[in-house]
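Text of the file protein_10.cif, holding mmCIF, C-alpha atoms and all ligand atoms:
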```
data_coords
loop_
_atom_site.label_atom_id
_atom_site.label_comp_id
_atom_site.auth_asym_id
_atom_site.auth_seq_id
_atom_site.Cartn_x
_atom_site.Cartn_y
_atom_site.Cartn_z
CA MET A 11 -9.99 100.15 44.50
CA ILE A 12 -6.95 98.57 43.01
CA VAL A 13 -3.29 98.59 43.90
CA LYS A 14 -1.44 99.63 40.77
CA ASP A 15 2.12 99.09 41.84
CA LEU A 16 4.27 98.11 44.76
CA LYS A 17 7.89 98.99 45.52
CA LEU A 18 9.86 97.28 48.23
CA ARG A 19 13.35 97.80 49.59
CA ASN A 20 14.92 95.58 52.19
CA PHE A 21 11.55 94.13 53.12
CA ARG A 22 11.89 90.53 54.42
CA ASN A 23 13.89 88.62 51.80
CA TYR A 24 13.43 91.28 49.08
CA GLU A 25 16.39 93.53 48.45
CA THR A 26 14.35 95.42 45.90
CA ALA A 27 11.10 94.59 44.16
CA GLU A 28 8.93 96.56 41.78
CA VAL A 29 5.60 95.20 40.71
CA GLN A 30 2.92 96.56 38.39
CA PHE A 31 -0.29 94.72 39.14
CA SER A 32 -3.13 94.02 36.77
CA PRO A 33 -6.54 95.33 37.88
CA GLY A 34 -7.88 91.78 37.64
CA LEU A 35 -6.23 88.53 38.58
CA ASN A 36 -2.54 88.41 39.57
CA VAL A 37 -0.84 85.14 40.38
CA ILE A 38 2.49 84.85 42.16
CA THR A 39 4.08 81.46 41.88
CA GLY A 40 7.23 80.09 43.41
CA LEU A 41 8.61 77.24 45.45
CA ASN A 42 8.34 77.24 49.22
CA ALA A 43 10.15 79.92 51.26
CA GLN A 44 10.88 82.13 48.26
CA GLY A 45 8.89 85.23 49.27
CA LYS A 46 5.28 84.72 48.15
CA THR A 47 3.70 85.36 51.53
CA ASN A 48 6.21 88.15 52.21
CA LEU A 49 4.86 90.02 49.22
CA LEU A 50 1.26 89.78 50.44
CA GLU A 51 2.47 90.74 53.90
CA SER A 52 3.89 93.98 52.52
CA LEU A 53 0.49 94.87 51.05
CA VAL A 54 -1.24 94.07 54.31
CA TYR A 55 1.30 96.27 56.07
CA LEU A 56 0.44 99.15 53.76
CA SER A 57 -3.20 98.48 54.47
CA LEU A 58 -3.13 98.13 58.26
CA THR A 59 0.36 99.41 59.26
CA ARG A 60 1.11 96.06 60.78
CA SER A 61 1.85 92.54 59.77
CA PHE A 62 -0.53 89.62 60.17
CA ARG A 63 2.32 87.28 61.03
CA ILE A 64 4.36 89.03 63.70
CA THR A 65 4.02 91.78 66.24
CA GLU A 66 7.60 93.06 66.15
CA ASP A 67 8.09 95.15 63.02
CA SER A 68 11.87 94.72 63.13
CA ALA A 69 11.54 91.17 61.75
CA LEU A 70 10.25 92.77 58.54
CA ILE A 71 13.60 94.44 57.88
CA ARG A 72 15.86 92.39 55.65
CA SER A 73 18.58 90.70 57.72
CA GLY A 74 21.62 92.93 58.07
CA CYS A 75 19.83 96.11 56.90
CA ASP A 76 18.91 99.24 58.86
CA PHE A 77 15.49 99.87 57.43
CA ALA A 78 12.79 98.55 55.14
CA SER A 79 10.75 100.73 52.86
CA LEU A 80 7.41 99.98 51.23
CA ALA A 81 5.42 102.08 48.81
CA CYS A 82 2.40 101.54 46.62
CA THR A 83 0.00 103.43 44.40
CA VAL A 84 -3.69 102.92 44.99
CA GLN A 85 -6.33 103.83 42.46
CA ASP A 86 -9.72 104.41 44.05
CA LYS A 87 -12.23 105.49 41.40
CA ASP A 88 -10.67 108.68 40.02
CA ARG A 89 -8.35 109.23 42.98
CA THR A 90 -4.74 108.13 42.98
CA ILE A 91 -3.13 107.76 46.37
CA GLN A 92 0.48 107.03 47.16
CA LEU A 93 1.19 105.25 50.40
CA GLY A 94 4.62 104.85 51.89
CA SER A 95 6.17 103.48 55.03
CA VAL A 96 9.70 103.17 56.30
CA ILE A 97 10.35 100.68 59.07
CA TYR A 98 13.51 101.05 61.14
CA SER A 99 14.58 99.48 64.42
CA GLY A 100 13.15 102.35 66.48
CA GLY A 101 9.76 102.55 64.81
CA LYS A 102 8.14 103.47 61.52
CA THR A 103 7.10 106.45 59.46
CA LEU A 104 3.97 106.67 57.35
CA SER A 105 3.18 108.93 54.43
CA VAL A 106 0.17 109.63 52.24
CA ASN A 107 0.89 111.27 48.89
CA ARG A 108 4.44 111.84 50.16
CA VAL A 109 3.22 113.88 53.12
CA PRO A 110 4.16 112.35 56.49
CA VAL A 111 1.20 111.45 58.70
CA LYS A 112 1.36 110.94 62.46
CA ARG A 113 -1.85 109.12 63.23
CA THR A 114 -2.43 105.59 62.05
CA SER A 115 -6.07 106.54 61.44
CA GLU A 116 -4.96 108.97 58.72
CA PHE A 117 -3.29 106.09 56.89
CA VAL A 118 -5.49 103.05 57.49
CA GLY A 119 -8.39 102.71 55.07
CA LYS A 120 -6.58 104.19 52.05
CA LEU A 121 -5.69 100.71 50.82
CA ASN A 122 -8.19 98.10 51.85
CA THR A 123 -7.19 94.49 51.54
CA VAL A 124 -8.86 91.29 52.61
CA LEU A 125 -6.45 88.47 53.19
CA PHE A 126 -7.07 84.76 53.34
CA SER A 127 -4.14 82.96 54.86
CA PRO A 128 -3.93 79.34 55.98
CA ASP A 129 -2.59 80.68 59.30
CA ASP A 130 -6.00 82.26 59.94
CA LEU A 131 -7.45 78.83 60.64
CA GLY A 132 -6.39 79.27 64.24
CA ILE A 133 -9.11 81.88 64.62
CA PHE A 134 -11.73 79.30 65.59
CA LEU A 135 -9.81 78.06 68.61
CA ASP A 136 -7.94 81.24 69.47
CA ALA A 137 -8.73 83.31 72.53
CA PRO A 138 -11.64 85.77 72.14
CA ARG A 139 -9.09 88.59 71.96
CA GLU A 140 -7.95 87.37 68.53
CA ARG A 141 -11.47 87.25 67.14
CA ARG A 142 -12.13 90.74 68.51
CA ARG A 143 -8.95 91.89 66.84
CA LEU A 144 -10.21 90.50 63.55
CA LEU A 145 -13.60 92.12 64.02
CA ASP A 146 -12.09 95.50 64.91
CA GLN A 147 -9.62 95.30 62.07
CA GLU A 148 -12.34 94.75 59.47
CA ILE A 149 -14.72 97.40 60.81
CA THR A 150 -11.90 99.93 61.09
CA LYS A 151 -11.38 99.58 57.35
CA VAL A 152 -14.71 101.25 56.69
CA SER A 153 -15.14 103.47 59.74
CA SER A 154 -12.53 105.75 61.27
CA GLY A 155 -15.16 106.73 63.86
CA TYR A 156 -15.13 103.14 65.06
CA LEU A 157 -11.37 103.18 65.54
CA PHE A 158 -11.60 106.49 67.34
CA ALA A 159 -14.29 105.19 69.71
CA LEU A 160 -12.30 102.04 70.36
CA GLN A 161 -9.18 104.00 71.24
CA ASN A 162 -11.12 106.36 73.51
CA TYR A 163 -12.76 103.40 75.20
CA ARG A 164 -9.41 101.73 75.85
CA ASN A 165 -8.14 104.86 77.60
CA LEU A 166 -11.32 105.18 79.66
CA LEU A 167 -11.11 101.50 80.57
CA LYS A 168 -7.58 102.04 81.89
CA ASP A 169 -8.85 104.98 83.96
CA ARG A 170 -11.73 102.95 85.35
CA ASN A 171 -9.46 100.02 86.22
CA ALA A 172 -7.05 102.42 87.95
CA LEU A 173 -9.98 103.82 89.91
CA LEU A 174 -11.11 100.30 90.87
CA LYS A 175 -7.67 99.65 92.29
CA GLN A 176 -7.76 102.70 94.57
CA ASN A 177 -8.51 102.20 98.24
CA VAL A 178 -11.07 104.98 98.39
CA ARG A 179 -14.29 104.96 96.40
CA ASP A 180 -15.04 107.89 94.15
CA ASP A 181 -18.59 107.32 92.99
CA SER A 182 -18.99 110.55 91.10
CA TYR A 183 -15.81 110.05 89.06
CA MET A 184 -16.95 106.46 88.44
CA GLU A 185 -20.25 107.76 87.10
CA ILE A 186 -18.49 110.19 84.75
CA LEU A 187 -16.20 107.47 83.45
CA GLU A 188 -19.03 105.03 82.87
CA GLU A 189 -21.07 107.63 81.04
CA ARG A 190 -18.18 108.32 78.70
CA MET A 191 -17.50 104.62 78.23
CA ILE A 192 -21.13 104.02 77.32
CA ARG A 193 -20.91 106.67 74.63
CA GLU A 194 -17.88 105.00 73.01
CA GLU A 195 -19.27 101.51 73.51
CA GLU A 196 -22.45 102.47 71.70
CA THR A 197 -20.44 103.37 68.58
CA VAL A 198 -18.50 100.11 68.81
CA ILE A 199 -21.58 97.94 69.35
CA LEU A 200 -23.40 99.62 66.46
CA GLY A 201 -20.37 98.92 64.26
CA ARG A 202 -20.18 95.30 65.37
CA ARG A 203 -23.93 94.74 64.93
CA ALA A 204 -23.81 96.16 61.41
CA PHE A 205 -20.77 94.05 60.53
CA ILE A 206 -22.32 90.82 61.77
CA GLN A 207 -25.60 91.50 60.04
CA ALA A 208 -23.82 92.28 56.75
CA ILE A 209 -21.64 89.17 56.96
CA ASN A 210 -24.66 86.95 57.59
CA GLU A 211 -26.28 88.28 54.44
CA ASN A 212 -23.63 86.58 52.29
CA LEU A 213 -21.71 84.05 54.35
CA PRO A 214 -24.30 81.23 54.24
CA GLU A 215 -24.61 81.43 50.45
CA TYR A 216 -20.85 81.59 49.85
CA TYR A 217 -20.39 78.56 52.04
CA ARG A 218 -23.11 76.58 50.25
CA ARG A 219 -21.61 77.35 46.88
CA LEU A 220 -18.02 76.69 47.84
CA SER A 221 -18.64 73.52 49.81
CA GLY A 222 -21.58 72.15 47.87
CA GLU A 223 -23.09 71.31 51.26
CA ASP A 224 -26.56 72.20 52.37
CA ALA A 225 -25.43 73.68 55.68
CA GLU A 226 -26.18 77.05 57.23
CA VAL A 227 -22.98 78.80 58.28
CA ARG A 228 -23.31 82.07 60.17
CA ILE A 229 -21.53 84.20 62.71
CA ALA A 230 -23.11 84.93 66.06
CA TYR A 231 -22.45 88.04 68.12
CA GLN A 232 -21.69 87.30 71.76
CA SER A 233 -22.37 90.77 73.03
CA CYS A 234 -22.10 92.21 76.52
CA ILE A 235 -25.75 93.30 76.24
CA PRO A 236 -28.85 91.48 74.93
CA LEU A 237 -28.73 91.26 71.16
CA ASP A 238 -31.36 93.67 69.91
CA SER A 239 -31.66 95.74 73.03
CA GLU A 240 -31.44 99.52 73.22
CA ILE A 241 -27.75 100.03 73.67
CA LYS A 242 -27.31 102.88 76.11
CA SER A 243 -29.87 101.74 78.67
CA SER A 244 -28.61 98.14 78.48
CA LEU A 245 -25.04 99.28 79.09
CA LYS A 246 -26.17 101.39 82.03
CA LYS A 247 -27.88 98.32 83.46
CA MET A 248 -24.73 96.28 82.85
CA TYR A 249 -22.59 98.71 84.86
CA ASP A 250 -25.15 98.92 87.65
CA LEU A 251 -25.09 95.14 87.93
CA SER A 252 -21.33 94.67 87.72
CA ARG A 253 -19.96 97.67 89.64
CA GLU A 254 -19.77 96.07 93.09
CA LYS A 255 -18.11 92.97 91.70
CA ASP A 256 -15.68 95.10 89.70
CA LEU A 257 -14.73 96.95 92.92
CA LEU A 258 -14.10 93.63 94.59
CA PHE A 259 -11.94 92.30 91.75
CA HIS A 260 -10.33 95.68 90.97
CA SER A 261 -11.05 95.30 87.28
CA THR A 262 -13.82 95.89 84.72
CA GLY A 263 -15.43 92.52 84.06
CA SER A 264 -18.03 93.47 81.45
CA GLY A 265 -18.03 95.59 78.34
CA ILE A 266 -17.04 95.59 74.71
CA HIS A 267 -13.52 94.46 75.65
CA ARG A 268 -15.01 91.08 76.57
CA GLU A 269 -17.20 90.50 73.53
CA ASP A 270 -16.73 87.68 71.07
CA ILE A 271 -18.07 86.18 67.89
CA ALA A 272 -18.71 82.52 67.17
CA PHE A 273 -18.91 80.75 63.84
CA THR A 274 -21.84 78.40 63.73
CA MET A 275 -22.91 75.63 61.40
CA ASN A 276 -26.59 74.75 61.62
CA GLY A 277 -26.62 76.56 64.94
CA THR A 278 -23.68 74.69 66.51
CA ASN A 279 -20.29 76.28 67.14
CA VAL A 280 -18.04 75.05 64.34
CA ILE A 281 -15.29 74.21 66.84
CA SER A 282 -17.25 71.15 67.83
CA CYS A 283 -18.61 70.08 64.48
CA ALA A 284 -16.58 71.22 61.45
CA SER A 285 -13.71 69.32 59.90
CA GLN A 286 -10.46 71.04 59.03
CA GLY A 287 -11.52 71.24 55.39
CA GLN A 288 -14.90 72.71 56.32
CA LYS A 289 -13.22 75.28 58.54
CA ARG A 290 -11.05 76.30 55.63
CA MET A 291 -14.11 76.89 53.47
CA ILE A 292 -15.94 78.69 56.26
CA LEU A 293 -13.01 81.05 56.57
CA LEU A 294 -12.79 81.55 52.83
CA SER A 295 -16.54 82.25 52.65
CA PHE A 296 -16.16 84.66 55.56
CA LYS A 297 -13.41 86.55 53.72
CA LEU A 298 -15.55 86.79 50.59
CA ALA A 299 -18.43 88.09 52.71
CA ILE A 300 -16.07 90.72 54.14
CA LEU A 301 -15.44 91.95 50.60
CA ASN A 302 -19.20 92.55 50.23
CA TYR A 303 -19.32 94.26 53.62
CA ILE A 304 -16.51 96.66 52.71
CA GLU A 305 -18.08 97.42 49.37
CA ALA A 306 -21.50 98.10 50.90
CA ALA A 307 -20.11 100.24 53.70
CA SER A 308 -17.52 102.25 51.80
CA SER A 309 -18.72 101.91 48.19
CA THR A 310 -15.33 100.67 47.12
CA LYS A 311 -14.02 97.17 46.65
CA ALA A 312 -11.12 95.88 48.68
CA VAL A 313 -8.20 94.04 47.11
CA LEU A 314 -8.44 90.30 47.74
CA LEU A 315 -5.21 88.57 48.79
CA LEU A 316 -5.31 84.78 48.75
CA ASP A 317 -2.25 83.10 50.19
CA ASP A 318 -1.73 79.51 49.13
CA VAL A 319 -5.41 78.79 48.91
CA LEU A 320 -5.75 76.74 45.73
CA SER A 321 -3.45 73.89 46.69
CA GLU A 322 -5.78 72.99 49.55
CA LEU A 323 -8.93 72.89 47.44
CA ASP A 324 -10.02 70.16 45.06
CA ARG A 325 -10.51 71.03 41.39
CA ASN A 326 -14.26 71.74 41.65
CA ARG A 327 -13.82 74.06 44.59
CA GLN A 328 -10.94 75.82 42.90
CA LYS A 329 -13.22 76.46 39.96
CA THR A 330 -16.10 77.64 42.15
CA LEU A 331 -13.78 80.01 44.00
CA MET A 332 -12.33 81.47 40.82
CA ALA A 333 -15.85 81.89 39.40
CA LEU A 334 -16.95 83.70 42.56
CA ILE A 335 -14.15 86.23 42.39
CA SER A 336 -13.57 86.50 38.66
CA ASN A 337 -13.51 90.03 37.29
CA SER A 338 -15.43 91.54 40.14
CA VAL A 339 -12.42 92.37 42.25
CA GLN A 340 -8.65 92.76 42.03
CA CYS A 341 -7.11 89.58 43.34
CA ILE A 342 -3.53 88.68 44.15
CA ILE A 343 -3.10 85.00 44.70
CA THR A 344 -0.04 82.94 45.56
CA GLY A 345 0.69 79.30 44.96
CA THR A 346 3.29 76.84 43.83
CA GLU A 347 1.60 76.54 40.44
CA ILE A 348 -1.28 77.91 38.43
CA PRO A 349 -4.07 75.39 37.87
CA GLU A 350 -4.37 74.64 34.16
CA PHE A 351 -8.07 75.51 34.00
CA ILE A 352 -7.24 79.20 34.52
CA SER A 353 -6.44 80.71 31.17
CA ARG A 354 -3.11 82.54 31.00
CA LYS A 355 -4.87 85.31 29.12
CA GLN A 356 -7.00 86.16 32.12
CA LEU A 357 -4.16 86.80 34.51
CA LYS A 358 -0.87 88.52 35.12
CA GLU A 359 1.74 86.09 36.29
CA PHE A 360 4.78 86.69 38.47
CA ARG A 361 7.37 84.29 39.68
CA VAL A 362 9.43 84.70 42.81
CA ASP A 363 12.72 82.96 43.42
CA GLN A 364 14.75 83.73 46.55
CA GLY A 365 13.33 87.20 46.93
CA LYS A 366 13.64 88.06 43.24
CA LEU A 367 10.37 88.79 41.54
CA ILE A 368 9.94 88.77 37.81
CA GLN A 369 6.93 89.07 35.60
CA GLY A 370 6.09 86.00 33.57
CA GLY A 371 6.16 82.32 34.17
CA SER A 372 9.80 81.38 34.62
CA ALA A 373 12.39 82.77 37.01
N1 LIG B 1 13.86 89.79 57.74
C1 LIG B 1 14.23 88.89 56.80
N2 LIG B 1 15.39 89.01 56.12
C2 LIG B 1 15.75 88.11 55.18
N3 LIG B 1 15.00 87.06 54.83
C3 LIG B 1 13.83 86.87 55.47
C4 LIG B 1 13.38 87.78 56.47
N4 LIG B 1 12.18 87.34 56.93
C5 LIG B 1 11.90 86.22 56.24
N5 LIG B 1 12.87 85.92 55.36
C6 LIG B 1 12.95 84.78 54.43
O1 LIG B 1 11.79 84.77 53.63
C7 LIG B 1 11.52 83.42 53.24
C8 LIG B 1 10.08 83.07 53.49
O2 LIG B 1 9.30 83.79 52.63
P1 LIG B 1 7.74 83.50 52.50
O3 LIG B 1 7.20 84.63 51.74
O4 LIG B 1 7.15 83.20 53.81
O5 LIG B 1 7.79 82.17 51.63
P2 LIG B 1 6.69 81.51 50.71
O6 LIG B 1 7.15 81.74 49.30
O7 LIG B 1 6.74 80.05 51.06
O8 LIG B 1 5.39 82.13 51.03
C9 LIG B 1 12.40 82.53 54.06
O9 LIG B 1 13.43 82.07 53.23
C10 LIG B 1 12.92 83.45 55.14
O10 LIG B 1 14.19 83.09 55.56
MG MG B 2 3.82 81.25 52.10
#
```
Please rewrite the model in this file as structure tokens.
Ligand SMILES: Nc1ncnc2c1ncn2[C@@H]1O[C@H](COP(=O)(O)OP(=O)(O)O)[C@@H](O)[C@H]1O
Ligand SMILES: [Mg+2]
Amino acid sequence: MIVKDLKLRNFRNYETAEVQFSPGLNVITGLNAQGKTNLLESLVYLSLTRSFRITEDSALIRSGCDFASLACTVQDKDRTIQLGSVIYSGGKTLSVNRVPVKRTSEFVGKLNTVLFSPDDLGIFLDAPRERRRLLDQEITKVSSGYLFALQNYRNLLKDRNALLKQNVRDDSYMEILEERMIREEETVILGRRAFIQAINENLPEYYRRLSGEDAEVRIAYQSCIPLDSEIKSSLKKMYDLSREKDLLFHSTGSGIHREDIAFTMNGTNVISCASQGQKRMILLSFKLAILNYIEAASSTKAVLLLDDVLSELDRNRQKTLMALISNSVQCIITGTEIPEFISRKQLKEFRVDQGKLIQGGSA
């Protein structure tokens, strides 16, 4: 899929912006703090209905304004989809083809983006919750059933925890809850297993090519059940083993809400062995592998958003990266300048200056 155009009003430091993207490579240049990341953020918002930088939507509204509005046109094979959102202090509205939608799941997945941002480098050291969020976010892009199961599981988990806090035991209600949880957890674990397997098909090769190193980079699934085990019976066993302890601690200690992934290099967690530069390339390789995953699972390509990535790479790696993505995918990339090895003919260039975006090289 490609995003054909984007219209913003009162979003971050943009009063208004209208962009027509090229289906290939788009480069947004500008000095620091002019609005480059803001523009990518608006596309991520239209993709996921939330920002990757903040949790409070109100910060997205231009200072002094009452609302922000975002709209884009997505072309997915022969389908054209219009997505819109209005953010105001009390909440947000979402629309698909100008028809308001209530559920996030009706909106998410219409525009799929994969973002690389230097801020993502925290992911290696973050709490497991952040890595799960990343995992869930990517799988949700290709499976609304996954999102549905996850939401159902969260509600059931709340019910089970409430039950664990009661003074009286209710074993039959506990059994019903666990049975339902197992059903939802099976969907989630299947989704996570498929994601991890798909990523590992491409991640090691991307890393080798980008880094030029002969190292094996993979992700490992730290699951609540043994890795290749039959899911339902393993989950049943898990609950049977943990129930008494859960009653004692009044909370559910095991399950998909405690799972994690680890990035490994030659079998060792990268936290303890990779340099900052290597972590950057691991993350970049991971994002490229996610593009393959989305394409394989949904038979459409996601839009690649690369925030400030080139300035951190040396010339050879810049070239390798551009060769890896060239032509195969729509890419929107930000930076202070365009490296001279990229021909101007191959790209559409925009420049942003204090929230004003214009096409072409000079503001
Ligand atoms: N809600 C807002 N209203 C007005 N300006 C904002 C808002 N949020 C962020 N900004 C401004 O946006 C700029 C940062 O934009 P950003 O896209 O992060 O810059 P960069 O071009 O370096 O990526 C800053 O000048 C900041 O003050
Ligand atoms: Mg930025």
Expected answer as a list in words: residues within 12 Å of ligand MG 2 (chain B), all atoms listed in the file: Ile38, Thr39, Gly40, Leu41, Asn42, Ala43, Gln44, Gly45, Lys46, Thr47, Asn48, Leu49, Leu50, Glu51, Arg63, Phe126, Ser127, Pro128, Asp129, Leu316, Asp317, Asp318, Val319, Ser321, Ile343, Thr344, Gly345, Thr346 and Val362 of chain A
What are the centre and the three edge lengths of an axis-aligned box that wraps all atoms of ligand LIG 1 (chain B) in the file, given that 5 Å is added to every side, written as JSON and rounded to one decimal in Å?
```
{"center_x": 10.6, "center_y": 84.9, "center_z": 53.5, "size_x": 20.4, "size_y": 19.7, "size_z": 18.4}
```
Find the residues around A:Ala284 up to 10 Å (only C-alpha atoms counted), leave out those fewer than 6 positions away in its own chain, and share them as a list in words. Thr274, Met275, Thr278, Arg290 and Ile292 of chain A
Show me as a VMD selection string the residues that reach within 12 Å of (-11.4, 78.9, 69.9), counting all atoms listed in the file and using the file's own coordinates. chain A and resid 130 to 142 270 to 273 279 to 282
Residue neighbourhood A:Thr114, 12 Å, only C-alpha atoms, exclusion window fewer than 5 positions, as a ChimeraX atom specification: /A:55-60,95,102-106,119-120,150-151,154,157-158,161
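Taking atom N5 of ligand LIG 1 (chain B) and atom CA of A:Phe62 as the two end points, the separation is 14.7 Å.
Nearest-residue note for A:Leu35: choosing from A:Leu323, A:Arg253, A:Ile12, A:Arg22, the minimum distance belongs to A:Ile12, counting only C-alpha atoms.
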Pick from A:Thr83, A:Ser99, A:Asn177, A:Ser295, whichever lies nearest to ligand LIG 1 (chain B) using only C-alpha atoms and all ligand atoms: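 Ranked by minimum distance to ligand LIG 1 (chain B), first place goes to A:Ser99.
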Pairwise distance, atom CA of A:Asn165 with atom CA of A:Asp180, equals 18.2 Å
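Neighbouring residues of A:Gly155 at 12 Å or closer, counting all atoms listed in the file and skipping chain neighbours under 6 positions away, are Ser115, Glu116, Gly119, Asp146, Ile149, Gln161, Asn162, Glu194, Glu195, Glu196, Thr197, Val198, Leu200 and Gly201 of chain A.
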So how many Å separate atom CA of A:Lys175 and atom CA of A:Gly265, to one decimal?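 Here the two named atoms are 17.8 Å from each other.
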Pick from A:Ile192, A:Ser244, A:Lys87, A:Ser261 nearest to A:Ser309, counting all atoms listed in the file: A:Lys87
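If you measure from each of A:Ala78, A:Met291, A:Val37, A:Leu314 to ligand LIG 1 (chain B) using only C-alpha atoms and all ligand atoms, the closest one turns out to be A:Ala78.
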Would you pick out the contacts of A:Phe205 at 12 Å or less, using all atoms listed in the file, so that residues sharing its chain but fewer than 4 positions from it are not included, and give the list as number ranges by chain? A: 144-153, 156, 198-201, 209-213, 229-231, 271, 296, 299-307
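Among the candidates A:Ser182, A:Gln232, A:Gln364, A:Gln288, the residue lying nearest to ligand LIG 1 (chain B) is A:Gln364 (atoms considered: all atoms listed in the file).
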Sphere at (-11.5, 82.4, 45.1), radius 10 Å, counting only C-alpha atoms: residues as a ChimeraX atom specification: /A:126,220,294-295,297-298,314-316,319-320,327-336,341,343
I'd like to know which of A:Leu293, A:Leu187, A:Val84, A:Ile266 is closest to A:Arg203, using all atoms listed in the file.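 Nearest to A:Arg203: A:Ile266.
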